[in-house]
Structures are given as C-alpha cells and as structure tokens.
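Student: A single structure is presented below for examination.
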Amino acid sequence: MIRLVLLGGPGSGKGTQADVLKEKYKAVKLSTGDLLRGEIRNDSELGKQAKSFMDKGELVPDSVMIGILDKITADFEAKKQGYILDGFPRTVPQAKALLEMLDKQGVTLSMALLIDVPEEELVRRLSSRWTCKDCSSTVGYPDGKPEGAVCRQCGGELYQRDDDKRETILNRMDVYKKNTQPLISFFEEKALLQQIDGLGTFEEISGRIIDLFNKKEIK
Ligand code: ADP
Ligand code: ZN
C-alpha cells in the first residue's frame, strides 16, 4: 500500500501528477489545498479560519493542519487505503508530526518525492493557471485564456484562483522557500527523499515518476 508525499513548489505540477498516480496505484489523492477550498465553499468553521490565511498566500497554522491529517491518515489505515499527499506536509513541524503519526500507526512512508522545477518557471506557470470550478483540474494559458475555454476533463467552468494573482504568487514563493524547502533536507536526512526533473511534458514527467517507482519496487 502506497503512502506518498509529493513535494514541489506551487505550480510544480504535483496535483496533476497525483491524479495519474492515484489511478495507477489505486490510491486516493489528498490535496490539502482542495480540502480547504471545499471547506471555504461550505462556509464551515474550518473554512472561515483558513480563508484569511489562504487569501494572502500564507499558511494555515500547523496545529490546525496536523489535527486534520491525524484523523484522515488514521482513517486511511483503518480502510487499508493507500494515499498520496499533495500539499502536506508544508512545514518541518508538519513533517515531524506526519512521521510520528505513521509511527504510531505502525507503518512507514513509501517516499517523499520532489518534483523539481526552477522558481522562474513556477511563477510563469502560476500566472497563467486556470482552475476548474467543478473538478479542480488546472490548465495553463501563457498567452491568455481563449474565449469560451472550459475544463478539458469535465467541461466545467474555469476560474483564476484568488491566490494565483501576481502579488500573492510572489508571497507564496517566499512562503515556499522559507517553510517548505527545508523539508527537502528533512526527508533527505531520513533517507526518504527522491527527486525527479519537473521540466518537460506532462507525460514525460509521469514517465519519470513511474520509472522511479518501478526501480524502488513501489506498488
Ligand atoms: P499550491 O500548491 O498551488 O500553492 P494548494 O492548493 O496546495 O496550492 O494550497 C493553497 C493554500 O492552502 C496554501 O497557500 C495555504 O494557505 C493552504 N494550505 C494548503 N495545504 C496546507 C498545509 N499543509 N499547511 C498550511 N496551509 C496549507
Ligand atoms: Zn473540470
């Protein structure tokens, strides 16, 4: 059963790759960003708490995120359901908490996989990124969105996320460098880190990941 952490900057393509991997490895994808946006849409207590942080491109507090993930991972174990984490952990305290949760559950992480994309490319991608209102899949239009374009997956309406605006993007990049990049050495020290080059077509990148998993005998 796969227990995977995907690491990579905002716009690195980890969400899209997680969609391919979940089919291939019969796992569920847990995107904490999608989860929080769902809570905001439902106007839940958690959503209200999270919104002010998210709108500024800041992180939701660790204590909140860790509490949520503790419940969800325990639930996956109870159902013997493999999973791919997209967007968690995002800070070293979250990463420590995750490894403690797994330890408590008597299981181990398959790996933390970094999809490596240079910063200029991340900013370029986010500035042209459109998201589907219905299924959350994303598409990049570097030359502007063609009129009438809809989601390729489900035909849903496309919108630009509030945090995909220029200032917020720059803030998210800073937050990423400050809070999330240290995770790379954290997982490296635990011998859990693997990385692949995140530049190329969608298929090239999935191919690299699947080759790596085959090599590591991840099933
Ligand atoms: P992206 O990876 O494109 O930046 P996400 O959809 O993963 O976007 O996350 C959007 C926002 O949700 C983040 O900027 C942050 O405010 C919040 N968020 C998501 N996951 C976490 C987390 N693990 N810890 C704290 N905040 C989070
Ligand atoms: Zn869609």
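Numbering starts fresh at 1 for the residues of each chain in the structure tokens, the chains themselves are lettered A, B, ... in the order given, and ligands are numbered from 1 as they appear.
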When the cut-off is 8 Å and you count only C-alpha atoms and all ligand atoms, which residues lie near ligand 2, shown as a PyMOL selection string?
Tutor: chain A and resi 131-137+150-158
Student: Can I get the residues close to ligand 1 as number ranges by chain, where close means within 8 Å and we count only C-alpha atoms and all ligand atoms?
Tutor: A: 8-12, 14-15, 31-34, 36-37, 50-51, 53-62, 65, 86-91, 94, 126, 163, 172
Student: Any chance you could list, as a VMD selection string, the residues in region 132-167 of chain A that come up strand (DSSP E or B) when DSSP is run on the backbone?
Tutor: chain A and resid 132 138 to 140 158 to 159
Student: May I have the selected residues written with C-alpha atoms, as an mmCIF file, in the first residue's frame?
Tutor:
data_model
loop_
_atom_site.group_PDB
_atom_site.id
_atom_site.type_symbol
_atom_site.label_atom_id
_atom_site.label_comp_id
_atom_site.auth_asym_id
_atom_site.auth_seq_id
_atom_site.Cartn_x
_atom_site.Cartn_y
_atom_site.Cartn_z
ATOM 1 C CA CYS A 132 -11.894 24.077 -12.936
ATOM 2 C CA THR A 138 -5.834 23.046 -13.896
ATOM 3 C CA VAL A 139 -4.694 24.288 -17.283
ATOM 4 C CA GLY A 140 -2.029 26.843 -18.263
ATOM 5 C CA LEU A 158 -12.581 27.777 -15.444
ATOM 6 C CA TYR A 159 -11.566 30.482 -12.977
#
Student: In terms of the shortest atom-to-atom distance over only C-alpha atoms, which of A:Lys178, A:Lys219, A:Lys71, A:Arg166 is closest to Leu122 (chain A)?
Tutor: A:Arg166
Student: Set the distance at 8 Å and use only C-alpha atoms: which residues neighbour Val5 (chain A) once local chain neighbours fewer than 2 positions away are removed? I'd like the list as number ranges by chain.
Tutor: A: 3, 7, 84-86, 88-89, 109, 111-113
Student: If I take CA of Tyr83 (chain A) and CA of Val28 (chain A), how far is one from the other in Å, to one decimal?
Tutor: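 That distance, rounded to one decimal, is 4.7 Å.
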Student: Near Leu114 (chain A), counting only C-alpha atoms, which residues have an atom at most 8 Å away, once you skip same-chain residues fewer than 4 positions from it, shown as a list in words?
Tutor: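 The neighbour list is Leu6, Leu7, Gly8, Ile184, Leu193, Gln194, Gln195 and Ile196 of chain A.
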Student: To one decimal place in Å, what is the distance between CA of Lys79 (chain A) and CA of Met1 (chain A)?
Tutor: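 The value is 11.1 Å.
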Student: Show me, as a ChimeraX atom specification, the residues that have an atom within 10 Å of Val20 (chain A) when counting only C-alpha atoms, minus same-chain residues fewer than 6 positions from it.
Tutor: /A:26,29,203,206,210
